[in-house]
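Novice: Take a look at start.cif, mmCIF, C-alpha atoms:
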data_start
#
loop_
_atom_site.label_atom_id
_atom_site.label_comp_id
_atom_site.auth_asym_id
_atom_site.auth_seq_id
_atom_site.Cartn_x
_atom_site.Cartn_y
_atom_site.Cartn_z
CA MET W 118 138.61 137.73 56.08
CA ASN W 119 136.17 138.15 58.93
CA ARG W 120 135.34 141.72 59.87
CA PHE W 121 133.08 143.06 62.54
CA THR W 122 130.35 145.57 61.77
CA ALA W 123 130.23 148.89 63.60
CA THR W 124 127.40 147.61 65.77
CA GLU W 125 129.39 144.53 66.77
CA ILE W 126 132.43 146.66 67.59
CA GLY W 127 130.27 148.93 69.73
CA ALA W 128 128.79 145.93 71.52
CA LEU W 129 132.27 144.51 72.17
CA ILE W 130 133.42 147.86 73.59
CA LEU W 131 130.35 147.93 75.86
CA ALA W 132 131.04 144.34 76.94
CA ALA W 133 134.68 145.16 77.72
CA LEU W 134 133.60 148.19 79.74
CA LEU W 135 131.07 146.15 81.72
CA LEU W 136 133.67 143.45 82.37
CA PHE W 137 136.26 145.98 83.53
CA VAL W 138 133.84 147.84 85.80
CA GLY W 139 132.44 144.57 87.18
CA PHE W 140 135.85 143.20 88.07
CA TRP W 141 136.81 146.58 89.56
CA ILE W 142 133.70 146.61 91.76
CA ILE W 143 134.35 143.02 92.88
CA ALA W 144 137.99 143.76 93.70
CA PHE W 145 137.42 147.11 95.44
CA PRO W 146 133.88 147.25 96.89
CA LYS W 147 132.92 150.37 98.81
CA GLN W 148 129.96 151.10 101.00
CA THR W 149 127.94 153.81 99.34
CA ILE W 150 124.59 155.55 99.39
CA ILE W 151 122.45 155.66 96.25
CA ARG W 152 119.67 158.22 95.93
CA HIS W 153 116.52 157.05 94.16
CA GLN W 154 113.64 159.10 92.87
CA ALA W 155 110.33 157.37 92.35
CA TYR W 156 106.75 158.43 91.80
CA ASP W 157 103.82 157.26 93.88
CA ALA W 158 100.31 156.48 92.61
CA SER W 159 99.36 160.17 92.39
CA ASP W 160 102.52 161.03 90.35
CA ARG W 161 104.16 162.90 93.18
CA PRO W 162 107.94 162.48 93.42
CA ARG W 163 109.11 160.45 96.39
CA ASP W 164 112.83 160.39 97.14
CA PHE W 165 114.58 157.74 99.19
CA VAL W 166 118.14 156.59 99.77
CA GLU W 167 119.56 153.08 99.75
CA LEU W 168 122.61 152.02 101.74
CA VAL W 169 124.69 149.61 99.63
CA THR W 170 127.09 147.42 101.59
CA PRO W 171 130.34 145.98 100.16
CA ASN W 172 128.70 142.55 99.75
CA GLN W 173 125.88 144.11 97.74
CA MET W 174 128.48 145.94 95.62
CA ARG W 175 130.16 142.59 94.89
CA PHE W 176 126.79 141.24 93.77
CA TYR W 177 126.29 144.22 91.43
CA GLY W 178 129.84 143.71 90.14
CA SER W 179 129.07 140.06 89.44
CA LEU W 180 125.99 141.13 87.49
CA CYS W 181 128.14 143.47 85.41
CA VAL W 182 130.59 140.67 84.66
CA LEU W 183 127.79 138.27 83.68
CA ILE W 184 126.07 140.81 81.43
CA GLY W 185 129.35 141.89 79.81
CA GLY W 186 130.42 138.30 79.22
CA GLY W 187 127.01 137.47 77.79
CA ILE W 188 127.12 140.39 75.36
CA ALA W 189 130.64 139.49 74.24
CA ALA W 190 129.74 135.81 73.79
CA LEU W 191 126.61 136.71 71.84
CA VAL W 192 128.47 139.04 69.48
CA LEU W 193 131.31 136.59 68.89
CA TYR W 194 129.01 133.59 68.45
CA ARG W 195 126.59 135.35 66.10
CA GLY W 196 129.45 136.85 64.14
CA GLN W 197 131.02 133.44 63.69
CA ASN W 198 127.77 131.94 62.40
CA ASN W 199 126.84 134.84 60.11
CA ARG W 200 130.23 135.11 58.42
CA SER W 201 130.89 131.45 57.65
#
Translate the structure described by the file into structure tokens.
Specialist:
Amino acid sequence: MNRFTATEIGALILAALLLFVGFWIIAFPKQTIIRHQAYDASDRPRDFVELVTPNQMRFYGSLCVLIGGGIAALVLYRGQNNRS
């Protein structure tokens, strides 16, 4: 009987979460503002904001789907090869 380890179960949960969030962002994109904090060469904080359009949100959602699908495929493929 094939069983998943705790790490594989955690990775599958993360993959499912990324897939769900990615599809949600693709289906319902919203224009939003993201605040970034960066440091310049002299280590002083420099804040700036980024306007994210619905098309950019769809792109980020697609990245979530690709990363989540990749994690799930990796866990399932490696598990199949290690347990046979």
Novice: Set the distance at 8 Å and use only C-alpha atoms: which residues neighbour range 187-194 of chain W once local chain neighbours fewer than 5 positions away are removed? I'd like the list as an mmCIF file with C-alpha atoms, in the frame of the given file.
Specialist:
data_model
loop_
_atom_site.group_PDB
_atom_site.id
_atom_site.type_symbol
_atom_site.label_atom_id
_atom_site.label_comp_id
_atom_site.auth_asym_id
_atom_site.auth_seq_id
_atom_site.Cartn_x
_atom_site.Cartn_y
_atom_site.Cartn_z
ATOM 1 C CA GLU W 125 129.390 144.530 66.770
ATOM 2 C CA ALA W 128 128.790 145.930 71.520
ATOM 3 C CA LEU W 129 132.270 144.510 72.170
ATOM 4 C CA ALA W 132 131.040 144.340 76.940
ATOM 5 C CA ALA W 133 134.680 145.160 77.720
#
Novice: Excluding Ile150 in chain W and any residue of its chain fewer than 5 positions from it, enumerate the residues within 6 Å of it, using only C-alpha atoms, and give them as a VMD selection string.
Specialist: chain W and resid 167 to 169
Novice: So that I can see what lies close to Ser179 in chain W, please list as a PyMOL selection string the residues with an atom at most 10 Å from it, counting only C-alpha atoms and leaving out residues fewer than 6 positions away in the same chain.
Specialist: chain W and resi 136+138-140+142-143+173+185
Novice: Could you please determine the separation between CA of Lys147 in chain W and CA of Gly178 in chain W in Å, to one decimal place?
Specialist: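 For CA of Lys147 in chain W relative to CA of Gly178 in chain W, the distance reads 11.4 Å.
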Novice: List the residues selected by the PyMOL selection byres ((chain W and resi 154) around 9) in the file shown, writing them as a list in words.
Specialist: Arg152, His153, Ala155, Tyr156, Pro162, Arg163, Asp164, Phe165 and Val166 of chain W
Novice: Could you turn the residues from that selection into a file that holds C-alpha atoms, as a compact mmCIF listing (two decimals), in the frame of the given file?
Specialist:
# COMPACT_ATOMS: atom_id res chain seq x y z
CA ARG W 152 119.67 158.22 95.93
CA HIS W 153 116.52 157.05 94.16
CA ALA W 155 110.33 157.37 92.35
CA TYR W 156 106.75 158.43 91.80
CA PRO W 162 107.94 162.48 93.42
CA ARG W 163 109.11 160.45 96.39
CA ASP W 164 112.83 160.39 97.14
CA PHE W 165 114.58 157.74 99.19
CA VAL W 166 118.14 156.59 99.77
Novice: Could you check how far CA of Ile184 in chain W sits from CA of Asn172 in chain W, in Å to one decimal?
Specialist: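 CA of Asn172 in chain W lies 18.6 Å from CA of Ile184 in chain W.
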Novice: What is the CA of Trp141 in chain W-CA of Thr124 in chain W distance in Å, reported with one decimal?
Specialist: 25.6 Å
Novice: Point out the residue among W:Ile151, W:Ala123, W:Cys181, W:Ala158 with the least atom-to-atom distance to Phe137 in chain W, counting all atoms listed in the file.
Specialist: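 Looking at the shortest contact to Phe137 in chain W, the residue is W:Cys181.
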